[in-house]
$ cat coords-v6.csv   # CSV, C-alpha atoms
chain,number,residue,atom,x,y,z
S,1,MET,CA,5.8,11.6,13.9
S,2,VAL,CA,2.9,12.8,11.9
S,3,ASP,CA,0.1,10.1,11.6
S,4,TRP,CA,-1.5,9.1,8.4
S,5,ASP,CA,-4.5,11.1,7.3
S,6,SER,CA,-7.4,8.8,6.6
S,7,GLN,CA,-9.6,11.5,5.0
S,8,LEU,CA,-6.9,12.5,2.6
S,9,TYR,CA,-6.1,8.9,1.7
S,10,LEU,CA,-9.8,8.3,1.0
S,11,LYS,CA,-10.0,11.3,-1.2
S,12,PHE,CA,-8.9,8.9,-3.9
S,13,GLU,CA,-10.8,5.9,-2.6
S,14,ARG,CA,-12.3,5.0,-6.0
S,15,GLU,CA,-8.9,4.9,-7.7
S,16,ARG,CA,-7.1,3.1,-4.8
S,17,ALA,CA,-10.0,0.6,-4.5
S,18,GLN,CA,-9.6,-0.7,-8.1
S,19,ALA,CA,-6.4,-2.7,-7.3
S,20,ALA,CA,-8.0,-4.2,-4.2
S,21,ARG,CA,-11.0,-5.3,-6.2
S,22,ASP,CA,-8.7,-6.8,-8.9
S,23,LEU,CA,-6.7,-8.7,-6.2
S,24,ILE,CA,-9.8,-10.1,-4.6
S,25,ALA,CA,-11.1,-11.2,-8.1
S,26,ARG,CA,-8.0,-13.4,-8.6
S,27,ILE,CA,-8.3,-15.3,-5.3
S,28,PRO,CA,-9.2,-18.9,-6.1
S,29,PRO,CA,-12.5,-20.3,-4.8
S,30,LEU,CA,-12.4,-20.0,-1.1
S,31,ALA,CA,-14.8,-20.0,1.9
S,32,PRO,CA,-12.5,-18.5,4.6
S,33,ARG,CA,-13.5,-18.4,8.2
S,34,LYS,CA,-10.6,-16.2,9.3
S,35,ILE,CA,-9.1,-13.4,7.3
S,36,VAL,CA,-6.3,-11.0,8.1
S,37,ASP,CA,-6.0,-7.7,6.3
S,38,LEU,CA,-2.4,-6.5,6.7
S,39,GLY,CA,-2.0,-2.8,6.4
S,40,CYS,CA,-5.8,-2.4,6.5
S,41,GLY,CA,-5.7,1.4,6.4
S,42,PRO,CA,-9.1,3.1,6.9
S,43,GLY,CA,-10.9,-0.2,6.4
S,44,ASN,CA,-11.8,0.1,2.7
S,45,SER,CA,-10.3,-3.2,1.8
S,46,ALA,CA,-11.7,-4.9,4.9
S,47,ALA,CA,-15.1,-3.7,3.9
S,48,MET,CA,-14.7,-5.3,0.5
S,49,LEU,CA,-13.5,-8.6,2.0
S,50,ALA,CA,-16.5,-8.6,4.3
S,51,LEU,CA,-18.9,-8.2,1.3
S,52,TYR,CA,-17.1,-10.8,-0.8
S,53,PHE,CA,-16.5,-13.4,2.0
S,54,ARG,CA,-19.7,-13.0,4.1
S,55,GLY,CA,-19.6,-14.4,7.6
S,56,ALA,CA,-15.8,-14.5,7.8
S,57,ASP,CA,-14.0,-13.2,10.9
S,58,ILE,CA,-11.8,-10.3,9.8
S,59,LEU,CA,-8.8,-8.9,11.6
S,60,GLY,CA,-7.2,-5.7,10.4
S,61,VAL,CA,-3.6,-4.8,11.2
S,62,ASP,CA,-2.1,-1.3,10.8
S,63,THR,CA,0.4,1.0,12.5
S,64,SER,CA,-1.7,4.2,12.2
S,65,GLU,CA,-4.2,4.9,14.9
S,66,ASN,CA,-5.9,7.5,12.7
S,67,MET,CA,-6.5,4.8,10.0
S,68,LEU,CA,-7.6,2.3,12.6
S,69,ALA,CA,-10.2,4.7,14.0
S,70,ALA,CA,-11.6,5.2,10.5
S,71,ALA,CA,-11.6,1.4,10.0
S,72,ARG,CA,-13.4,0.7,13.2
S,73,GLU,CA,-16.1,3.2,12.3
S,74,ARG,CA,-16.5,1.8,8.8
S,75,LEU,CA,-16.6,-1.9,9.8
S,76,PRO,CA,-17.5,-2.3,13.4
S,77,VAL,CA,-18.1,-6.0,13.1
S,78,ALA,CA,-14.3,-6.6,12.4
S,79,GLN,CA,-11.4,-6.5,14.8
S,80,PHE,CA,-8.6,-4.0,14.3
S,81,VAL,CA,-5.2,-3.9,16.1
S,82,GLN,CA,-2.3,-1.5,16.0
S,83,GLN,CA,0.8,-3.4,15.0
S,84,ASP,CA,3.6,-3.3,12.4
S,85,ILE,CA,3.3,-5.9,9.6
S,86,LYS,CA,6.9,-7.1,10.2
S,87,ASP,CA,6.0,-8.0,13.8
S,88,TRP,CA,2.6,-9.5,13.3
S,89,GLU,CA,2.2,-13.2,14.0
S,90,ALA,CA,-1.0,-15.3,13.8
S,91,GLU,CA,-2.2,-16.7,17.1
S,92,ASP,CA,-4.1,-19.4,15.2
S,93,LYS,CA,-3.9,-20.5,11.5
S,94,VAL,CA,-5.9,-18.4,9.1
S,95,ASP,CA,-7.5,-18.9,5.7
S,96,LEU,CA,-6.7,-15.7,3.9
S,97,ILE,CA,-3.9,-13.1,4.4
S,98,PHE,CA,-4.7,-10.0,2.3
S,99,ALA,CA,-2.1,-7.3,1.9
S,100,ASN,CA,-3.2,-4.5,-0.5
S,101,ALA,CA,-0.7,-1.7,-1.0
S,102,ALA,CA,1.0,-2.4,2.3
S,103,LEU,CA,3.7,-5.1,2.2
S,104,HIS,CA,6.2,-2.8,0.5
S,105,PHE,CA,6.5,-1.0,3.9
S,106,ALA,CA,7.9,-4.1,5.4
S,107,PRO,CA,11.5,-5.2,5.0
S,108,ASP,CA,13.1,-8.5,4.2
S,109,HIS,CA,10.5,-10.0,1.9
S,110,HIS,CA,12.6,-13.2,1.4
S,111,ARG,CA,12.0,-13.9,5.1
S,112,LEU,CA,8.6,-12.3,5.5
S,113,LEU,CA,6.8,-14.3,2.8
S,114,PRO,CA,7.6,-17.8,4.1
S,115,LYS,CA,6.6,-16.6,7.5
S,116,LEU,CA,3.2,-15.4,6.3
S,117,MET,CA,2.7,-18.6,4.4
S,118,SER,CA,3.3,-20.6,7.6
S,119,PHE,CA,0.3,-18.9,9.2
S,120,LEU,CA,-2.1,-20.3,6.6
S,121,ASN,CA,-4.3,-23.3,6.9
S,122,PRO,CA,-3.9,-25.9,4.1
S,123,GLY,CA,-5.6,-24.4,1.1
S,124,GLY,CA,-5.3,-20.9,2.5
S,125,VAL,CA,-4.2,-18.0,0.4
S,126,LEU,CA,-1.8,-15.1,0.6
S,127,ALA,CA,-2.9,-12.3,-1.7
S,128,VAL,CA,-0.6,-9.3,-2.2
S,129,GLN,CA,-0.6,-6.1,-4.2
S,130,MET,CA,2.3,-3.5,-4.0
S,131,PRO,CA,3.0,-0.3,-5.9
S,132,ASN,CA,6.0,-0.9,-8.1
S,133,VAL,CA,7.0,2.7,-8.5
S,134,LEU,CA,10.7,3.2,-7.7
S,135,GLN,CA,11.4,4.5,-11.2
S,136,ASP,CA,8.1,6.4,-11.5
S,137,ALA,CA,8.5,10.1,-12.1
S,138,ALA,CA,6.5,11.3,-9.1
S,139,HIS,CA,8.6,9.1,-6.8
S,140,ALA,CA,11.9,10.1,-8.4
S,141,LEU,CA,11.0,13.7,-8.0
S,142,MET,CA,10.1,13.4,-4.3
S,143,ARG,CA,13.5,11.9,-3.7
S,144,MET,CA,15.2,14.6,-5.7
S,145,VAL,CA,13.4,17.4,-3.8
S,146,ALA,CA,14.3,15.7,-0.5
S,147,VAL,CA,18.0,16.0,-1.2
S,148,ASP,CA,17.9,19.5,-2.6
S,149,GLY,CA,17.0,22.0,0.2
S,150,PRO,CA,17.6,23.0,3.8
S,151,TRP,CA,16.1,19.7,4.9
S,152,ALA,CA,18.5,17.6,2.8
S,153,GLU,CA,20.5,16.3,5.8
S,154,ARG,CA,17.3,14.9,7.4
S,155,LEU,CA,15.6,13.7,4.3
S,156,ALA,CA,18.5,12.2,2.4
S,157,PRO,CA,18.5,9.0,4.5
S,158,VAL,CA,14.8,8.7,3.9
S,159,ALA,CA,15.3,9.0,0.2
S,160,LYS,CA,18.1,6.4,0.2
S,161,SER,CA,16.0,4.0,2.3
S,162,ARG,CA,12.9,3.9,0.1
S,163,ALA,CA,11.6,0.4,-0.2
S,164,ILE,CA,12.8,-1.6,-3.2
S,165,ILE,CA,10.4,-4.4,-3.9
S,166,GLY,CA,11.6,-7.5,-5.6
S,167,SER,CA,10.9,-8.7,-9.2
S,168,LEU,CA,8.3,-11.2,-10.3
S,169,ASP,CA,11.1,-13.8,-10.3
S,170,ASP,CA,12.0,-12.9,-6.7
S,171,TYR,CA,8.5,-13.3,-5.5
S,172,TYR,CA,8.1,-16.6,-7.3
S,173,ALA,CA,11.3,-17.9,-5.8
S,174,TRP,CA,10.4,-16.7,-2.2
S,175,THR,CA,6.9,-18.1,-2.3
S,176,ALA,CA,6.7,-21.1,-4.6
S,177,PRO,CA,8.4,-23.6,-2.3
S,178,HIS,CA,5.7,-22.9,0.3
S,179,CYS,CA,2.6,-23.1,-1.9
S,180,ARG,CA,0.9,-25.4,-4.4
S,181,MET,CA,-0.2,-22.6,-6.7
S,182,ILE,CA,1.0,-19.1,-7.4
S,183,ASP,CA,-0.4,-16.5,-9.8
S,184,LEU,CA,1.7,-13.4,-10.5
S,185,TRP,CA,1.0,-10.3,-12.7
S,186,GLN,CA,1.6,-6.6,-13.1
S,187,THR,CA,-0.8,-3.8,-14.0
S,188,THR,CA,-0.3,-0.2,-14.8
S,189,TYR,CA,-3.3,1.9,-13.7
S,190,VAL,CA,-4.0,5.2,-15.4
S,191,HIS,CA,-5.6,7.7,-13.1
S,192,PRO,CA,-6.9,11.0,-14.6
S,193,LEU,CA,-6.5,13.5,-11.7
S,194,ASP,CA,-7.6,17.1,-11.4
S,195,GLY,CA,-4.3,18.8,-12.0
S,196,HIS,CA,-0.9,18.8,-10.3
S,197,ASP,CA,-2.3,19.6,-6.8
S,198,ALA,CA,-4.2,16.3,-7.0
S,199,ILE,CA,-1.0,14.4,-7.5
S,200,VAL,CA,0.5,16.2,-4.5
S,201,ASP,CA,-2.6,15.2,-2.4
S,202,TRP,CA,-2.3,11.6,-3.7
S,203,PHE,CA,1.2,11.3,-2.4
S,204,VAL,CA,0.7,13.4,0.8
S,205,GLY,CA,-1.8,10.7,1.7
S,206,SER,CA,0.7,7.9,1.0
S,207,ALA,CA,4.3,7.9,-0.2
S,208,LEU,CA,5.3,11.3,1.0
S,209,ARG,CA,4.5,10.5,4.6
S,210,PRO,CA,8.1,9.4,5.6
S,211,PHE,CA,9.5,12.6,4.2
S,212,LEU,CA,6.9,14.9,5.8
S,213,ASN,CA,7.6,13.2,9.1
S,214,GLN,CA,11.1,14.6,9.1
S,215,LEU,CA,10.1,18.2,8.2
S,216,ARG,CA,9.5,21.1,10.6
S,217,ASP,CA,6.0,22.5,10.3
S,218,GLU,CA,7.3,25.7,8.6
S,219,GLU,CA,9.2,23.7,6.0
S,220,THR,CA,6.3,21.6,4.8
S,221,PRO,CA,4.6,24.2,2.6
S,222,THR,CA,8.0,25.0,0.9
S,223,PHE,CA,8.8,21.4,0.3
S,224,LEU,CA,5.4,20.7,-1.2
S,225,ALA,CA,5.5,23.8,-3.4
S,226,GLN,CA,8.9,22.7,-4.7
S,227,TYR,CA,7.6,19.2,-5.3
S,228,ARG,CA,4.6,20.6,-7.2
S,229,ARG,CA,6.8,22.7,-9.5
S,230,GLU,CA,8.8,19.6,-10.4
S,231,LEU,CA,5.5,17.8,-11.1
S,232,GLU,CA,4.4,20.5,-13.5
S,233,LEU,CA,7.5,19.9,-15.6
S,234,ALA,CA,7.0,16.1,-15.6
S,235,TYR,CA,3.2,15.8,-16.1
S,236,THR,CA,1.7,17.6,-19.1
S,237,PRO,CA,-2.0,18.5,-18.6
S,238,GLN,CA,-4.5,17.0,-21.1
S,239,ALA,CA,-6.9,19.3,-23.1
S,240,ASP,CA,-9.5,19.1,-20.2
S,241,GLY,CA,-6.9,20.0,-17.6
S,242,LYS,CA,-6.5,16.5,-16.2
S,243,VAL,CA,-3.1,15.0,-15.6
S,244,LEU,CA,-2.6,11.3,-16.1
S,245,LEU,CA,-0.9,9.5,-13.1
S,246,LEU,CA,0.4,6.2,-14.3
S,247,TYR,CA,0.7,3.8,-11.4
S,248,PRO,CA,2.3,0.4,-11.8
S,249,ARG,CA,1.4,-2.3,-9.3
S,250,LEU,CA,2.7,-5.9,-8.8
S,251,PHE,CA,0.4,-8.6,-7.7
S,252,PHE,CA,0.6,-12.2,-6.6
S,253,VAL,CA,-1.8,-14.8,-5.1
S,254,ALA,CA,-0.3,-17.9,-3.5
S,255,GLN,CA,-2.4,-20.9,-2.3
S,256,LYS,CA,-0.8,-23.2,0.3
$ encode --input "coords-v6.csv" --output "structure tokens"
Amino acid sequence: MVDWDSQLYLKFERERAQAARDLIARIPPLAPRKIVDLGCGPGNSAAMLALYFRGADILGVDTSENMLAAARERLPVAQFVQQDIKDWEAEDKVDLIFANAALHFAPDHHRLLPKLMSFLNPGGVLAVQMPNVLQDAAHALMRMVAVDGPWAERLAPVAKSRAIIGSLDDYYAWTAPHCRMIDLWQTTYVHPLDGHDAIVDWFVGSALRPFLNQLRDEETPTFLAQYRRELELAYTPQADGKVLLLYPRLFFVAQK
């Protein structure tokens, strides 16, 4: 399995960081002593949390050793462990569980969310942001290319198993019984990127990873070239050559 590429992911750090900043800004007044950053990636969100909640102990959890190595270098005062979100359990109660662009990789949210809420101290907060992009053109095209080529037999199961996150109603129903306050919202971010190659790079560093993991080395350039051709038809360049990547995200903040 090909590991995540922290450098490619961070190529769009400014754009990716905006959602994390917006999520932090909606956390109610809190002085957490223990914070867990689920799906911490290369440590960019953990670094924000360290600045915003000074003095808190931060634990970052991620499956990628490449991402964790970057996180440890970026924020050496924090602790980072390699573990899947669905398997993580708190040894002691914590004050803030932060999951920025990560929880959609975990299954069974109707079970996962009550479990995460149970790990919080009274007054603790679960703060979550997830891309809500199943119907987005770029994601639809990657699934289309996956089932149209010599790799179809291997990639079709990946395309069919893409995570389907719940609705705002779902997340309210799964979380409200376990908290005293919940705030839910959606935002569509508009990212002007430097052409169609930049869209490819954006997703090679994120949503394309499960597809690329199933390709042979010699197939990857062909797959990405076909994906780029489809993007050219779907995304019209602006007068300055930029293409606008519209990226919807779902947020909720629940306080126990």
$ closest_atom_pairs --input "coords-v6.csv" --of "region 219-255 of chain S" --to "region 108-114 of chain S" --cutoff "12 Å" --atoms "only C-alpha atoms" --output "CSV"
residue,atom,partner,partner_atom,distance
S:Phe252,CA,S:Leu113,CA,11.5
S:Val253,CA,S:Leu113,CA,11.7
S:Ala254,CA,S:Leu113,CA,10.2
$ write_last_selection --input "coords-v6.csv" --atoms "C-alpha atoms" --output "mmCIF file, in the coordinates of the input"
data_model
loop_
_atom_site.group_PDB
_atom_site.id
_atom_site.type_symbol
_atom_site.label_atom_id
_atom_site.label_comp_id
_atom_site.auth_asym_id
_atom_site.auth_seq_id
_atom_site.Cartn_x
_atom_site.Cartn_y
_atom_site.Cartn_z
ATOM 1 C CA PHE S 252 0.600 -12.200 -6.600
ATOM 2 C CA VAL S 253 -1.800 -14.800 -5.100
ATOM 3 C CA ALA S 254 -0.300 -17.900 -3.500
#
$ atom_distance --input "coords-v6.csv" --atom1 "CA of Gly55 (chain S)" --atom2 "CA of Ala78 (chain S)"
10.6 Å
$ closest_residue --input "coords-v6.csv" --among "S:Asp84, S:Asp95, S:Glu219, S:Asp22" --to "Pro122 (chain S)" --atoms "only C-alpha atoms"
S:Asp95
$ residues_around --input "coords-v6.csv" --residues "Pro76 (chain S)" --least-positions-apart "3" --cutoff "12 Å" --atoms "only C-alpha atoms" --output "list in words"
Pro42, Gly43, Ala46, Ala47, Ala50, Asp57, Ile58, Leu59, Gly60, Leu68, Ala69, Ala70, Ala71, Arg72, Glu73, Gln79 and Phe80 of chain S
$ atom_distance --input "coords-v6.csv" --atom1 "CA of Tyr171 (chain S)" --atom2 "CA of Leu184 (chain S)"
8.4 Å
$ atom_distance --input "coords-v6.csv" --atom1 "CA of Phe251 (chain S)" --atom2 "CA of Trp185 (chain S)"
5.3 Å
$ residues_around --input "coords-v6.csv" --residues "Tyr52 (chain S)" --least-positions-apart "3" --cutoff "12 Å" --atoms "all atoms listed in the file" --output "NGL selection string"
:S and (20-21 or 23-25 or 27 or 29-32 or 35 or 45-49 or 55-56 or 58)
$ closest_residue --input "coords-v6.csv" --among "S:Ala138, S:Met67, S:Cys40, S:Leu96" --to "Phe53 (chain S)" --atoms "all atoms listed in the file"
S:Leu96
$ residues_around --input "coords-v6.csv" --residues "Lys115 (chain S)" --least-positions-apart "6" --cutoff "12 Å" --atoms "all atoms listed in the file" --output "list of chain:residue names"
S:Ile85, S:Lys86, S:Asp87, S:Trp88, S:Glu89, S:Ala90, S:Lys93, S:Ile97, S:Asp108, S:His109, S:Leu126, S:Trp174, S:Thr175, S:His178
$ residues_around --input "coords-v6.csv" --residues "region 223-238 of chain S" --least-positions-apart "6" --cutoff "10 Å" --atoms "all atoms listed in the file" --output "ChimeraX atom specification"
/S:137-138,141-146,148-151,192-201,204,208,211-212,215,244-245
$ residues_around --input "coords-v6.csv" --residues "Val61 (chain S)" --least-positions-apart "5" --cutoff "7 Å" --atoms "only C-alpha atoms" --output "PyMOL selection string"
chain S and resi 37-40+80-83
$ closest_residue --input "coords-v6.csv" --among "S:Pro210, S:Leu246, S:Ala102, S:Asp240" --to "Asp62 (chain S)" --atoms "all atoms listed in the file"
S:Ala102
$ closest_residue --input "coords-v6.csv" --among "S:Val36, S:Leu103, S:Ala140, S:Leu250" --to "Gly124 (chain S)" --atoms "only C-alpha atoms"
S:Val36
$ closest_residue --input "coords-v6.csv" --among "S:Gln129, S:Gln135, S:Gln255, S:Thr222" --to "Gln186 (chain S)" --atoms "all atoms listed in the file"
S:Gln129
$ build_atoms --input "coords-v6.csv" --residues "region 189-200 of chain S" --atoms "N, CA and C atoms" --output "short mmCIF file (atom, residue, chain, number, x, y, z; two decimals), in the frame of the given file"
data_model
loop_
_atom_site.label_atom_id
_atom_site.label_comp_id
_atom_site.auth_asym_id
_atom_site.auth_seq_id
_atom_site.Cartn_x
_atom_site.Cartn_y
_atom_site.Cartn_z
N TYR S 189 -2.04 1.14 -13.78
CA TYR S 189 -3.30 1.90 -13.70
C TYR S 189 -3.08 3.30 -14.21
N VAL S 190 -4.03 3.83 -14.94
CA VAL S 190 -4.00 5.20 -15.40
C VAL S 190 -5.06 6.00 -14.75
N HIS S 191 -4.65 6.94 -13.88
CA HIS S 191 -5.60 7.70 -13.10
C HIS S 191 -5.65 9.16 -13.60
N PRO S 192 -6.74 9.59 -14.27
CA PRO S 192 -6.90 11.00 -14.60
C PRO S 192 -7.21 11.83 -13.37
N LEU S 193 -6.29 12.68 -12.94
CA LEU S 193 -6.50 13.50 -11.70
C LEU S 193 -6.67 14.94 -12.08
N ASP S 194 -7.25 15.67 -11.13
CA ASP S 194 -7.60 17.10 -11.40
C ASP S 194 -6.38 17.99 -11.14
N GLY S 195 -5.40 17.89 -12.02
CA GLY S 195 -4.30 18.80 -12.00
C GLY S 195 -3.16 18.32 -11.05
N HIS S 196 -2.09 19.13 -11.01
CA HIS S 196 -0.90 18.80 -10.30
C HIS S 196 -1.14 18.78 -8.74
N ASP S 197 -2.04 19.64 -8.27
CA ASP S 197 -2.30 19.60 -6.80
C ASP S 197 -2.91 18.29 -6.41
N ALA S 198 -3.66 17.64 -7.30
CA ALA S 198 -4.20 16.30 -7.00
C ALA S 198 -3.13 15.28 -6.85
N ILE S 199 -2.10 15.37 -7.69
CA ILE S 199 -1.00 14.40 -7.50
C ILE S 199 -0.29 14.64 -6.20
N VAL S 200 -0.11 15.90 -5.81
CA VAL S 200 0.50 16.20 -4.50
C VAL S 200 -0.37 15.56 -3.40
#
